[in-house]
Each structure stands twice: as structure tokens, then as C-alpha cells.
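The file run_37.txt comes next; it holds compact mmCIF, C-alpha atoms.
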```txt
# COMPACT_ATOMS: atom_id res chain seq x y z
CA MET A 29 -101.84 -127.96 -99.17
CA LYS A 30 -101.16 -128.01 -95.45
CA ILE A 31 -98.10 -125.97 -94.43
CA LEU A 32 -96.33 -126.17 -91.09
CA VAL A 33 -94.63 -122.91 -90.06
CA VAL A 34 -91.79 -123.18 -87.54
CA ASN A 35 -90.11 -120.34 -85.64
CA ALA A 36 -87.26 -121.77 -83.54
CA GLY A 37 -85.63 -119.80 -80.74
CA SER A 38 -82.76 -120.73 -78.46
CA SER A 39 -85.06 -122.50 -75.99
CA SER A 40 -88.40 -122.46 -77.81
CA LEU A 41 -90.13 -123.68 -80.95
CA LYS A 42 -93.31 -121.91 -82.05
CA TYR A 43 -95.50 -123.52 -84.70
CA GLN A 44 -98.63 -123.00 -86.77
CA LEU A 45 -100.29 -125.46 -89.12
CA PHE A 46 -102.14 -123.82 -92.04
CA ASP A 47 -104.66 -125.30 -94.44
CA MET A 48 -103.80 -123.04 -97.36
CA ASP A 49 -106.74 -124.27 -99.46
CA LYS A 50 -109.13 -122.96 -96.82
CA GLY A 51 -106.94 -120.08 -95.61
CA ALA A 52 -107.31 -121.39 -92.07
CA VAL A 53 -105.05 -122.00 -89.07
CA LEU A 54 -105.70 -125.56 -87.92
CA ALA A 55 -103.50 -125.44 -84.83
CA LYS A 56 -100.70 -123.44 -83.26
CA GLY A 57 -98.56 -123.55 -80.17
CA ASN A 58 -95.20 -123.23 -78.51
CA CYS A 59 -92.67 -125.64 -77.06
CA GLU A 60 -90.84 -123.69 -74.36
CA ARG A 61 -87.84 -124.24 -72.09
CA ILE A 62 -86.11 -126.63 -74.50
CA GLY A 63 -83.11 -128.17 -72.77
CA ILE A 64 -84.46 -127.18 -69.36
CA ASP A 65 -87.71 -128.63 -68.06
CA GLY A 66 -90.05 -128.33 -71.06
CA VAL A 67 -93.59 -126.95 -71.41
CA VAL A 68 -95.83 -127.20 -74.47
CA THR A 69 -98.98 -125.21 -75.23
CA HIS A 70 -101.21 -126.45 -78.06
CA LYS A 71 -104.14 -124.39 -79.38
CA ARG A 72 -106.98 -125.16 -81.81
CA PRO A 73 -109.85 -122.92 -82.95
CA GLN A 74 -112.97 -123.25 -80.79
CA LYS A 75 -111.24 -125.79 -78.55
CA ALA A 76 -109.78 -125.51 -75.07
CA ASP A 77 -106.03 -124.92 -74.96
CA TYR A 78 -103.87 -127.87 -74.00
CA LYS A 79 -100.80 -127.25 -71.84
CA THR A 80 -98.50 -129.75 -70.21
CA SER A 81 -94.92 -130.36 -69.17
CA ALA A 82 -92.75 -132.32 -71.59
CA ASP A 83 -89.19 -133.56 -71.97
CA PHE A 84 -87.39 -131.44 -74.58
CA PRO A 85 -83.64 -132.14 -74.45
CA ASP A 86 -83.29 -130.57 -77.91
CA HIS A 87 -85.21 -129.13 -80.88
CA ARG A 88 -85.71 -132.56 -82.44
CA ALA A 89 -87.60 -133.72 -79.35
CA ALA A 90 -89.71 -130.56 -79.58
CA ILE A 91 -90.68 -131.06 -83.21
CA GLU A 92 -91.45 -134.71 -82.55
CA CYS A 93 -93.79 -133.56 -79.77
CA VAL A 94 -95.44 -131.09 -82.15
CA LEU A 95 -96.08 -133.76 -84.77
CA LYS A 96 -97.44 -136.10 -82.14
CA LEU A 97 -99.88 -133.43 -80.95
CA LEU A 98 -100.96 -132.57 -84.49
CA THR A 99 -101.85 -136.22 -85.16
CA ASP A 100 -103.16 -137.15 -81.69
CA LYS A 101 -106.56 -138.85 -81.67
CA ASP A 102 -108.06 -136.30 -79.28
CA LEU A 103 -105.86 -133.21 -79.67
CA GLY A 104 -104.81 -133.50 -83.29
CA VAL A 105 -106.07 -131.84 -86.46
CA ILE A 106 -104.63 -134.24 -89.05
CA SER A 107 -104.59 -138.03 -89.18
CA ASP A 108 -101.07 -138.47 -90.56
CA VAL A 109 -97.87 -136.42 -90.62
CA LYS A 110 -97.69 -136.97 -94.37
CA GLU A 111 -100.65 -134.62 -94.77
CA ILE A 112 -98.12 -131.81 -94.19
CA GLY A 113 -97.00 -130.73 -97.65
CA ALA A 114 -94.06 -128.49 -96.70
CA VAL A 115 -92.45 -126.67 -93.78
CA GLY A 116 -91.68 -122.95 -93.69
CA HIS A 117 -88.91 -121.75 -91.39
CA ARG A 118 -88.57 -118.20 -90.11
CA PHE A 119 -85.05 -116.74 -90.17
CA ALA A 120 -84.38 -113.25 -88.83
CA HIS A 121 -81.20 -112.84 -90.88
CA GLY A 122 -80.55 -114.13 -94.37
CA GLY A 123 -77.44 -112.09 -95.11
CA GLU A 124 -77.10 -111.81 -98.88
CA ILE A 125 -79.98 -114.24 -99.58
CA ARG A 126 -82.37 -111.96 -101.44
CA LYS A 127 -85.63 -113.92 -101.28
CA SER A 128 -87.40 -116.87 -99.68
CA THR A 129 -85.80 -120.07 -100.87
CA LEU A 130 -85.79 -123.85 -100.67
CA LEU A 131 -83.30 -124.91 -98.03
CA GLY A 132 -80.57 -127.36 -98.90
CA ASP A 133 -77.03 -128.06 -97.78
CA ARG A 134 -75.60 -125.05 -99.63
CA GLU A 135 -78.07 -122.60 -98.08
CA ILE A 136 -77.53 -123.96 -94.57
CA GLU A 137 -73.75 -123.80 -94.96
CA TYR A 138 -74.08 -120.14 -95.92
CA LEU A 139 -76.41 -119.37 -93.00
CA GLU A 140 -73.96 -121.05 -90.63
CA SER A 141 -71.15 -118.92 -92.07
CA ILE A 142 -73.00 -115.69 -91.14
CA ALA A 143 -74.16 -116.85 -87.71
CA ASP A 144 -71.95 -114.24 -86.04
CA LEU A 145 -74.08 -111.52 -87.68
CA ASN A 146 -77.08 -112.77 -85.73
CA PRO A 147 -75.88 -114.88 -82.80
CA LEU A 148 -79.16 -114.62 -80.88
CA HIS A 149 -81.55 -115.87 -83.58
CA GLY A 150 -79.40 -117.54 -86.25
CA PRO A 151 -78.11 -120.75 -84.59
CA PRO A 152 -81.49 -121.67 -83.03
CA ALA A 153 -83.25 -121.25 -86.40
CA ILE A 154 -80.66 -123.53 -88.02
CA SER A 155 -81.11 -126.08 -85.23
CA GLY A 156 -84.88 -125.95 -85.73
CA PHE A 157 -84.49 -126.54 -89.47
CA LYS A 158 -82.13 -129.49 -88.96
CA ALA A 159 -84.48 -131.06 -86.44
CA CYS A 160 -87.46 -130.75 -88.81
CA LYS A 161 -85.43 -132.02 -91.76
CA GLU A 162 -84.39 -135.12 -89.80
CA VAL A 163 -87.98 -135.91 -88.87
CA MET A 164 -89.50 -134.93 -92.25
CA PRO A 165 -86.78 -135.44 -94.90
CA TYR A 166 -89.26 -136.22 -97.66
CA ILE A 167 -90.84 -132.75 -98.07
CA ASN A 168 -89.69 -129.25 -98.99
CA HIS A 169 -88.30 -126.98 -96.32
CA VAL A 170 -88.39 -123.28 -97.14
CA GLY A 171 -86.46 -120.46 -95.48
CA VAL A 172 -88.23 -117.09 -95.18
CA PHE A 173 -85.90 -114.28 -94.14
CA ASP A 174 -86.87 -111.03 -92.41
CA THR A 175 -83.97 -109.31 -94.15
CA SER A 176 -84.95 -110.29 -97.69
CA TYR A 177 -87.71 -107.64 -97.91
CA TYR A 178 -84.93 -105.04 -98.03
CA SER A 179 -82.90 -106.67 -100.79
CA ASP A 180 -84.17 -104.17 -103.38
CA MET A 181 -83.08 -101.06 -101.48
CA LYS A 182 -80.74 -98.78 -103.39
CA GLU A 183 -77.06 -98.69 -102.47
CA GLU A 184 -77.34 -95.22 -101.01
CA ALA A 185 -79.89 -96.59 -98.55
CA PHE A 186 -77.93 -99.63 -97.38
CA ILE A 187 -74.22 -98.78 -97.72
CA TYR A 188 -72.72 -97.13 -94.63
CA PRO A 189 -70.35 -94.17 -95.05
CA ILE A 190 -67.34 -96.11 -93.75
CA PRO A 191 -64.45 -97.55 -95.80
CA TYR A 192 -66.12 -99.42 -98.66
CA GLU A 193 -63.73 -102.32 -98.20
CA LEU A 194 -65.57 -103.20 -94.98
CA TYR A 195 -68.68 -103.89 -97.02
CA GLU A 196 -66.73 -105.89 -99.59
CA GLU A 197 -64.88 -107.96 -97.01
CA TYR A 198 -67.39 -108.31 -94.16
CA LYS A 199 -70.70 -107.37 -95.80
CA ILE A 200 -71.26 -104.58 -93.29
CA ARG A 201 -74.41 -102.86 -94.56
CA ARG A 202 -77.96 -101.97 -93.56
CA TYR A 203 -79.90 -105.24 -93.64
CA GLY A 204 -83.15 -104.29 -91.90
CA PHE A 205 -85.36 -106.61 -89.86
CA HIS A 206 -89.04 -107.37 -89.20
CA GLY A 207 -89.30 -107.54 -92.99
CA THR A 208 -91.93 -110.29 -93.07
CA SER A 209 -94.19 -108.20 -90.82
CA HIS A 210 -93.63 -104.98 -92.79
CA ARG A 211 -94.26 -106.83 -96.05
CA TYR A 212 -97.58 -108.21 -94.77
CA VAL A 213 -99.01 -104.98 -93.35
CA ALA A 214 -97.78 -102.85 -96.27
CA ALA A 215 -99.52 -105.19 -98.71
CA LYS A 216 -102.67 -105.11 -96.59
CA ALA A 217 -102.59 -101.31 -96.50
CA ALA A 218 -102.12 -101.13 -100.28
CA GLU A 219 -105.15 -103.39 -100.62
CA LEU A 220 -107.22 -101.14 -98.35
CA LEU A 221 -106.06 -98.10 -100.31
CA GLY A 222 -106.81 -99.78 -103.62
CA ASN A 223 -103.36 -98.77 -104.82
CA ARG A 224 -100.58 -101.34 -105.29
CA ASN A 225 -98.07 -98.55 -105.86
CA ALA A 226 -98.88 -96.61 -102.72
CA LYS A 227 -96.30 -94.86 -100.54
CA ILE A 228 -96.66 -96.51 -97.15
CA ILE A 229 -94.84 -96.08 -93.84
CA THR A 230 -95.19 -99.09 -91.55
CA CYS A 231 -94.42 -98.88 -87.83
CA HIS A 232 -93.74 -102.29 -86.27
CA LEU A 233 -93.67 -101.29 -82.61
CA GLY A 234 -93.08 -103.81 -79.85
CA ASN A 235 -90.28 -104.82 -77.51
CA GLY A 236 -88.26 -104.61 -80.72
CA SER A 237 -89.36 -101.81 -83.05
CA SER A 238 -88.66 -100.71 -86.61
CA VAL A 239 -90.12 -98.34 -89.18
CA THR A 240 -90.06 -99.06 -92.92
CA ALA A 241 -90.86 -97.05 -96.05
CA THR A 242 -92.49 -99.00 -98.89
CA MET A 243 -93.16 -97.61 -102.36
CA ASN A 244 -94.51 -99.50 -105.38
CA GLY A 245 -94.65 -102.66 -103.27
CA LYS A 246 -90.94 -102.60 -102.38
CA ALA A 247 -89.09 -101.44 -99.28
CA ILE A 248 -86.90 -98.43 -99.99
CA ASP A 249 -85.61 -97.72 -96.47
CA THR A 250 -85.85 -99.02 -92.92
CA SER A 251 -84.74 -97.95 -89.45
CA MET A 252 -82.94 -101.11 -88.33
CA GLY A 253 -79.49 -101.56 -89.80
CA PHE A 254 -76.59 -104.01 -89.63
CA THR A 255 -78.26 -105.43 -86.53
CA PRO A 256 -81.68 -105.01 -84.87
CA GLN A 257 -80.00 -102.53 -82.50
CA ASP A 258 -80.40 -99.55 -84.86
CA GLY A 259 -83.33 -97.17 -85.27
CA VAL A 260 -85.91 -96.17 -82.67
CA PRO A 261 -85.48 -96.86 -78.92
CA MET A 262 -86.90 -100.23 -77.87
CA GLY A 263 -87.61 -102.18 -74.70
CA THR A 264 -83.96 -102.67 -73.75
CA ARG A 265 -82.14 -101.51 -76.91
CA SER A 266 -80.86 -97.97 -77.35
CA GLY A 267 -81.62 -97.64 -81.04
CA ALA A 268 -79.56 -95.14 -83.04
CA ILE A 269 -77.03 -93.12 -81.03
CA ASP A 270 -73.79 -91.28 -81.77
CA PRO A 271 -71.31 -94.11 -82.50
CA THR A 272 -68.75 -92.42 -80.30
CA VAL A 273 -70.93 -92.88 -77.20
CA PRO A 274 -70.11 -96.58 -76.64
CA LEU A 275 -66.41 -95.91 -77.28
CA TYR A 276 -66.42 -93.07 -74.75
CA VAL A 277 -68.24 -95.18 -72.15
CA MET A 278 -65.84 -98.08 -72.71
CA LYS A 279 -62.88 -95.81 -71.98
CA LYS A 280 -64.47 -94.08 -68.99
CA LYS A 281 -65.82 -97.22 -67.29
CA GLY A 282 -63.24 -99.70 -68.55
CA LEU A 283 -65.88 -101.90 -70.15
CA THR A 284 -65.15 -104.82 -72.46
CA VAL A 285 -66.80 -105.17 -75.85
CA GLU A 286 -69.17 -107.77 -74.41
CA GLU A 287 -70.10 -105.53 -71.47
CA THR A 288 -70.73 -102.59 -73.79
CA GLU A 289 -72.85 -104.73 -76.09
CA LYS A 290 -74.91 -105.82 -73.08
CA LEU A 291 -75.33 -102.20 -72.00
CA LEU A 292 -76.67 -101.17 -75.42
CA ASN A 293 -78.77 -104.29 -76.07
CA ASN A 294 -80.09 -105.25 -72.65
CA GLN A 295 -79.88 -102.22 -70.35
CA SER A 296 -80.94 -99.30 -72.54
CA GLY A 297 -84.12 -98.16 -74.31
CA LEU A 298 -87.27 -97.80 -72.21
CA LEU A 299 -85.65 -99.72 -69.37
CA GLY A 300 -82.48 -97.65 -69.35
CA VAL A 301 -84.19 -94.26 -69.37
CA SER A 302 -87.17 -95.04 -67.14
CA GLY A 303 -85.40 -97.32 -64.67
CA VAL A 304 -88.79 -99.03 -64.36
CA SER A 305 -89.26 -101.71 -66.99
CA SER A 306 -88.69 -102.70 -70.61
CA ASP A 307 -92.46 -103.21 -70.98
CA CYS A 308 -94.14 -100.12 -72.41
CA ARG A 309 -97.27 -100.81 -70.36
CA ASP A 310 -95.33 -100.68 -67.10
CA VAL A 311 -93.56 -97.50 -68.19
CA GLU A 312 -96.89 -95.85 -69.07
CA THR A 313 -98.35 -96.78 -65.69
CA ALA A 314 -95.33 -95.25 -63.97
CA ALA A 315 -95.61 -92.14 -66.16
CA GLU A 316 -99.29 -91.74 -65.29
CA ASN A 317 -98.31 -91.92 -61.61
CA GLY A 318 -95.91 -89.02 -62.05
CA ASN A 319 -92.58 -90.80 -62.65
CA ALA A 320 -90.58 -88.16 -64.57
CA ARG A 321 -88.07 -90.61 -66.06
CA ALA A 322 -90.87 -92.85 -67.30
CA GLN A 323 -92.50 -89.82 -68.91
CA LEU A 324 -89.18 -88.93 -70.53
CA ALA A 325 -88.68 -92.47 -71.87
CA LEU A 326 -92.04 -92.33 -73.66
CA LYS A 327 -91.32 -88.86 -75.05
CA ILE A 328 -87.99 -90.09 -76.44
CA LEU A 329 -89.67 -93.09 -78.08
CA ILE A 330 -92.36 -90.96 -79.73
CA HIS A 331 -89.87 -88.27 -80.75
CA ASN A 332 -87.67 -90.77 -82.57
CA ILE A 333 -90.54 -92.51 -84.37
CA ARG A 334 -91.81 -89.13 -85.59
CA LYS A 335 -88.36 -88.14 -86.89
CA ILE A 336 -88.12 -91.32 -88.94
CA ILE A 337 -91.64 -90.93 -90.34
CA GLY A 338 -90.81 -87.37 -91.39
CA SER A 339 -87.61 -88.46 -93.09
CA TYR A 340 -89.45 -91.14 -95.05
CA ILE A 341 -92.10 -88.68 -96.20
CA ALA A 342 -89.24 -86.56 -97.53
CA GLU A 343 -87.56 -89.57 -99.11
CA MET A 344 -90.72 -90.70 -100.91
CA ASN A 345 -91.97 -87.17 -101.70
CA GLY A 346 -95.11 -87.82 -99.70
CA ALA A 347 -97.03 -90.71 -98.18
CA ASP A 348 -100.40 -92.32 -98.74
CA ALA A 349 -100.64 -94.15 -95.44
CA ILE A 350 -99.07 -94.75 -92.04
CA VAL A 351 -99.61 -98.17 -90.49
CA PHE A 352 -99.21 -99.25 -86.87
CA THR A 353 -98.65 -102.92 -86.06
CA ALA A 354 -97.18 -105.36 -83.48
CA GLY A 355 -97.71 -105.31 -79.71
CA ILE A 356 -97.38 -101.58 -79.04
CA GLY A 357 -98.50 -100.44 -82.48
CA GLU A 358 -101.70 -102.48 -82.41
CA ASN A 359 -102.66 -102.01 -78.77
CA ASP A 360 -101.28 -98.72 -77.44
CA SER A 361 -103.53 -95.82 -78.40
CA SER A 362 -101.47 -93.24 -76.49
CA ILE A 363 -98.28 -94.04 -78.42
CA ARG A 364 -100.20 -93.84 -81.72
CA ALA A 365 -101.70 -90.51 -80.66
CA GLY A 366 -98.31 -89.14 -79.68
CA VAL A 367 -96.69 -90.18 -82.94
CA CYS A 368 -99.43 -88.61 -85.07
CA ALA A 369 -99.82 -85.39 -83.05
CA ASP A 370 -99.02 -82.03 -84.64
CA MET A 371 -98.29 -83.46 -88.09
CA THR A 372 -101.13 -81.71 -89.91
CA TRP A 373 -98.70 -79.84 -92.17
CA LEU A 374 -97.66 -83.26 -93.51
CA GLY A 375 -101.30 -84.28 -93.95
CA VAL A 376 -101.31 -86.65 -90.95
CA GLY A 377 -104.08 -86.64 -88.37
CA ILE A 378 -106.11 -89.24 -86.50
CA ASP A 379 -109.59 -89.42 -85.05
CA GLU A 380 -109.10 -89.43 -81.28
CA GLU A 381 -112.23 -91.45 -80.58
CA LEU A 382 -111.50 -94.06 -83.24
CA ASN A 383 -107.95 -94.36 -81.99
CA ALA A 384 -108.93 -94.70 -78.33
CA ASN A 385 -111.60 -97.32 -79.06
CA CYS A 386 -109.73 -99.32 -81.69
CA PRO A 387 -110.77 -102.99 -81.26
CA ARG A 388 -107.94 -105.46 -80.85
CA GLY A 389 -107.13 -107.92 -83.59
CA GLU A 390 -108.92 -106.03 -86.37
CA CYS A 391 -107.84 -103.86 -89.32
CA VAL A 392 -109.10 -100.38 -88.47
CA GLU A 393 -108.69 -97.00 -90.12
CA ILE A 394 -108.21 -94.24 -87.56
CA SER A 395 -107.68 -91.33 -89.96
CA GLY A 396 -108.98 -87.95 -88.87
CA LYS A 397 -111.41 -85.92 -90.94
CA GLY A 398 -109.65 -84.23 -93.84
CA ALA A 399 -106.34 -86.05 -93.32
CA LYS A 400 -104.50 -86.49 -96.63
CA VAL A 401 -102.40 -89.34 -95.25
CA ARG A 402 -104.58 -92.23 -94.10
CA THR A 403 -103.69 -94.00 -90.85
CA PHE A 404 -104.39 -97.68 -90.15
CA VAL A 405 -103.97 -100.18 -87.35
CA ILE A 406 -103.30 -103.56 -88.96
CA PRO A 407 -102.53 -106.73 -86.99
CA THR A 408 -99.43 -108.37 -88.39
CA ASN A 409 -99.39 -111.97 -89.58
CA GLU A 410 -95.83 -113.05 -90.26
CA GLU A 411 -96.71 -116.73 -90.05
CA TYR A 412 -99.19 -116.45 -92.91
CA MET A 413 -96.58 -114.77 -95.10
CA ILE A 414 -94.14 -117.58 -94.33
CA ALA A 415 -96.81 -120.14 -95.19
CA LEU A 416 -97.66 -118.34 -98.44
CA ASP A 417 -94.02 -118.19 -99.58
CA THR A 418 -93.60 -121.87 -98.64
CA LEU A 419 -96.68 -122.80 -100.66
CA ASN A 420 -95.51 -120.86 -103.72
CA LEU A 421 -92.10 -122.55 -103.65
CA SER A 422 -93.57 -126.01 -103.13
CA LYS A 423 -96.13 -126.18 -105.91
```

This structure in C-alpha cells:
Amino acid sequence: MKILVVNAGSSSLKYQLFDMDKGAVLAKGNCERIGIDGVVTHKRPQKADYKTSADFPDHRAAIECVLKLLTDKDLGVISDVKEIGAVGHRFAHGGEIRKSTLLGDREIEYLESIADLNPLHGPPAISGFKACKEVMPYINHVGVFDTSYYSDMKEEAFIYPIPYELYEEYKIRRYGFHGTSHRYVAAKAAELLGNRNAKIITCHLGNGSSVTATMNGKAIDTSMGFTPQDGVPMGTRSGAIDPTVPLYVMKKKGLTVEETEKLLNNQSGLLGVSGVSSDCRDVETAAENGNARAQLALKILIHNIRKIIGSYIAEMNGADAIVFTAGIGENDSSIRAGVCADMTWLGVGIDEELNANCPRGECVEISGKGAKVRTFVIPTNEEYMIALDTLNLSK
């Protein structure tokens, strides 16, 4: 079966077309600047990329462009749209939806009702689904939710120590994010370990970052919480801080809720501490050139990742593997080295040469000699997981 995977943002629509029988990506691309001036990039294996301007007044126009490209005589990879057997849609937040599911009116009504939990990603994903459903009403559409990987966490891991009525009334709890990525790399690590019940700590490190503990194939804890703001410092997000800090700043500076939210979400993290950039590469360059605040920003990032890893080792009574993935995790050897430094008492250690020369885009073990906890760099593949769930629900 051929599965189309769609990841809709506020002004973009990313896509990949999988041939699940062959385990191959036939084409992928991105429609950008929807509602503005429109640009589409279309990629096929062993073929030159195709990029052009396009008119995208809305998501429906974008998906129509995608289908036209996929079936184009010269640029296409299928002869007819009806070769697509189902569509998988990525949702960052599924609320109380506990697993990937076929999307119908009831599911969409629920997702619309929780849009205020995820205002950045929720409405665009719903718009993308509706656009695809209008164009392809005759096939299954499946929702795959980043939060659903954490649906089996115990109450003590997801209930906050605030009045319990706030959970009952508003469903305020730890949801966790990046679940599709953590699920993929944890399963890959278990496969490499030859142990489906392994204790694995996965570090999805990018502009948004999270760390998850997986045991017996299920997530038991994660660093992100009610929103993707929690946990380790990120590009522009503060991560976990004393909850009184924003209240204090609001009083001192006379900030509104919206201004405070912007401060924590868009002006903090690596950018806020370094004053240089939200991009870890830029911060590292500044640090190498002697910028003390850039050096501090990196130390804070590494310090917080290490604290979470240590807490998860305690929570699971050990660990079999630590995995690094996503943009920083896969490509930044200095961050990996910093995180794994001086953890020999916990059985963690990496080979400096393997780490420094880790090839991009490949699964690589970088464990040091004698390390009891194995360390891997595993490229994430969220789109494949979405396609796999879509296939399983469409058979």
C-alpha cells in the first residue's frame, strides 16, 4: 500500500509518499508560505529537486498541488491519485486520545475542543486534515499523535501536585511531546540491543528538545509536560523553571500574560542566555570565539540534560542505553560529549573518536570501552512511524 504522510503547519504542509510494500520513500517535499506567496519543493530519490513558486491561498490549494506533483508526467511517482491507499496526519497534541486512530467527525470535534492546549500546532493540523479529506474523501485518514506515546505513564508521573480538580476539570497534566520520534528511536535501540524490554533513555535534541525514559517498550516518564515549554532549555524556550519566576517578572515589569508567554517561549533558552542566537551552531561558534554568555548557555543546556538522564536512571533502576537523535542530538558531537562526560559511576562513557567522527544519517554506536550503558546516535524517522500506524489501521 502507498501511504501519504502529511504534517501541516500554520503556513506550511510537509509531505512524504511511502511505498510500504517496498519500505521506500517515493517522494517528499514541502509547500511553504501558504496564504502568502507560496513556494513548493518536491524531492525524489536519485532525481534533481524541483522547486518553484506556487499560489497557495489555503491548505486545500497546497494539497492539490502536492497531488498534482505526485502524478505529474515528468515529476510524479504514481500515475493516479487513487494509488494512495490512506493518509497519515501528524498531530502534536492528542489530549486524551491514547493511540493513533482513524479520523472522523467525532475525533475532529474533540481535537478542535482542545485547540487552546496547543494553539501553535493544533489548528493548522486540523486544517490540513480537512483539506486532505475534501480532496480525498474516499480513503482512510489516520491521526498519529505525539502525545499518545505517553498515555501509559503512571499517574504519579503525569499528575501535577496542584489541586486535583484542575486535572478533572481542565485536564491539566503532563502530556509529553516528540512521542513519535522517541517511540521510533527507542524501538530501534531495543532492536540493536536485542532486548525488547530494555531500559532506554532517548534524547531528542533540536530547536525543541525533550528526554524520555522507556522501559519494556513503553514510555514511563518524559521531560516535556502540559506544553512543550517544560524540560530542558531549548532554542528560545526556557524549559523548566521555578513557577514563581514568571509571576515575579510580571509584577516587576508589568507584563501581560501574553507578553510573559512570549518571553518564556520566544525570548529564552539558548537565545535568552547567550544573546546571540537560538541556533545551537551559532551559539557554539560564539562560545569558541570566547563569548562568555554563549559558553554559559551551552553549559546550562548540558547540565539540565544530564540531570534528567540521572533522574531517569534512578527511576528505572538503571539503563541499558542512551540515544541521541534530532538535529542537535544527531549532528553535534560536542553536546553529546558534554552530556556523557563524568558519568562513569553510572556506567556511561563514550568513545571520543567515534563520537567526533560519527557519520550523519546513520545509526552508530559510540559507546566507550567497558561502558555498561551503551550509547547510540540514531536518526529519527517520525514520518515512517506515522506511515506504519496508518497502514496498520487501514488494512

Within 8 Å of Ala247 of chain A using only C-alpha atoms, minus same-chain residues under 6 positions, as a ChimeraX atom specification: /A:177-178,180-181,240-241

Would you export the selected residues with C-alpha atoms as a PDB file, in the frame of the given file, please?
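Writing the result to out-v3.pdb gives the following:
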```pdb
ATOM      1  CA  TYR A 177     -87.710-107.640 -97.910  1.00  0.00           C
ATOM      2  CA  TYR A 178     -84.930-105.040 -98.030  1.00  0.00           C
ATOM      3  CA  ASP A 180     -84.170-104.170-103.380  1.00  0.00           C
ATOM      4  CA  MET A 181     -83.080-101.060-101.480  1.00  0.00           C
ATOM      5  CA  THR A 240     -90.060 -99.060 -92.920  1.00  0.00           C
ATOM      6  CA  ALA A 241     -90.860 -97.050 -96.050  1.00  0.00           C
TER       7      ALA A 241
END
```

Each segment 177-255 of chain A residue no farther than 12 Å from segment 414-418 of chain A, nearest pair in Å, all atoms listed in the file, as JSON lines:
```
{"residue": "A:Gly207", "atom": "CA", "partner": "A:Ile414", "partner_atom": "CA", "distance": 11.2}
{"residue": "A:Thr208", "atom": "CA", "partner": "A:Ile414", "partner_atom": "CA", "distance": 7.7}
{"residue": "A:Ser209", "atom": "CA", "partner": "A:Ile414", "partner_atom": "CA", "distance": 10.0}
{"residue": "A:Arg211", "atom": "CA", "partner": "A:Ile414", "partner_atom": "CA", "distance": 10.9}
{"residue": "A:Tyr212", "atom": "CA", "partner": "A:Ile414", "partner_atom": "CA", "distance": 10.0}
```

Proximity to Gly377 of chain A - best of A:Glu162, A:Asp258, A:Glu137, A:Glu393, only C-alpha atoms: A:Glu393

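Rounded to one decimal, atom CA of Asp249 of chain A and atom CA of Ala349 of chain A lie 15.5 Å from each other.
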
Go through segment 232-313 of chain A and flag each residue having an atom no more than 12 Å from segment 328-332 of chain A; for those, report the closest pair of atoms plus their distance in Å to one decimal, using only C-alpha atoms, ordered by chain and rising number, as a tab-separated table.
```
residue	atom	partner	partner_atom	distance
A:Leu233	CA	A:Leu329	CA	10.2
A:Gly234	CA	A:Leu329	CA	11.4
A:Asn235	CA	A:Leu329	CA	11.8
A:Gly236	CA	A:Leu329	CA	11.9
A:Ser237	CA	A:Leu329	CA	10.0
A:Ser238	CA	A:Asn332	CA	10.8
A:Val239	CA	A:Asn332	CA	10.3
A:Ser251	CA	A:Asn332	CA	10.4
A:Asp258	CA	A:Asn332	CA	11.6
A:Gly259	CA	A:Asn332	CA	8.2
A:Val260	CA	A:Asn332	CA	5.7
A:Pro261	CA	A:Leu329	CA	5.7
A:Met262	CA	A:Leu329	CA	7.7
A:Gly263	CA	A:Leu329	CA	9.9
A:Thr264	CA	A:Leu329	CA	12.0
A:Arg265	CA	A:Leu329	CA	11.4
A:Ser266	CA	A:Leu329	CA	10.1
A:Gly267	CA	A:Asn332	CA	9.3
A:Ala268	CA	A:Asn332	CA	9.2
A:Ile269	CA	A:Asn332	CA	11.0
A:Gly297	CA	A:Leu329	CA	8.4
A:Leu298	CA	A:Leu329	CA	7.9
A:Leu299	CA	A:Leu329	CA	11.7
A:Gly300	CA	A:Ile328	CA	11.7
A:Val301	CA	A:Ile328	CA	9.0
A:Ser302	CA	A:Ile328	CA	10.6
A:Cys308	CA	A:Leu329	CA	10.1
A:Val311	CA	A:Leu329	CA	11.5
A:Glu312	CA	A:Leu329	CA	11.9
```

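Considering only C-alpha atoms, the residue among A:Ser107, A:Met29, A:Phe46, A:Val94 positioned nearest to Asn58 of chain A is A:Val94.
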
Distance of atom CA of Ser296 of chain A from atom CA of Ala314 of chain A, expressed in Å to one decimal place: 17.2 Å

7 Å contact set for Asp83 of chain A, only C-alpha atoms, chain neighbours under 2 positions out, as a list in words: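 Here the answer would be Asp65, Gly66 and Pro85 of chain A.
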
Atomic separation - atom CA of Ser39 of chain A relative to atom CA of Gly63 of chain A, Å: 6.8 Å

Nearby residues (all atoms listed in the file) at most 12 Å from Gly57 of chain A, same-chain spacing under 3 positions excluded, as a PyMOL selection string: chain A and resi 32-36+40-45+53-54+60+67-73+77-80+90-91+93-95+97-98

Residue neighbourhood Pro407 of chain A, 7 Å, only C-alpha atoms, exclusion window fewer than 4 positions, as a PyMOL selection string: chain A and resi 353-354+358+389-391

Please, could you write that set of residues out with C-alpha atoms as a PDB file, keeping the file's coordinate frame?
```
ATOM      1  CA  THR A 353     -98.650-102.920 -86.060  1.00  0.00           C
ATOM      2  CA  ALA A 354     -97.180-105.360 -83.480  1.00  0.00           C
ATOM      3  CA  GLU A 358    -101.700-102.480 -82.410  1.00  0.00           C
ATOM      4  CA  GLY A 389    -107.130-107.920 -83.590  1.00  0.00           C
ATOM      5  CA  GLU A 390    -108.920-106.030 -86.370  1.00  0.00           C
ATOM      6  CA  CYS A 391    -107.840-103.860 -89.320  1.00  0.00           C
TER       7      CYS A 391
END
```

Which residue of A:Arg309, A:Lys227, A:Lys280, A:Arg388 approaches Val401 of chain A most closely, using all atoms listed in the file: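 Using all atoms listed in the file, Val401 of chain A sits closest to A:Lys227.
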
Close residues, Thr288 of chain A itself excluded, 9 Å, all atoms listed in the file, min 6 positions apart in chain, as a ChimeraX atom specification: /A:274-275,277-278

For Gly338 of chain A, the nearest of the candidates A:Ala159, A:Ala315, A:Ala322, A:Cys368, counting only C-alpha atoms: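 Comparing A:Ala159, A:Ala315, A:Ala322, A:Cys368 against Gly338 of chain A, the winner is A:Cys368.
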
For Asn385 of chain A, the nearest of the candidates A:Asp360, A:Leu421, A:Thr372, A:Leu220, counting only C-alpha atoms: A:Asp360
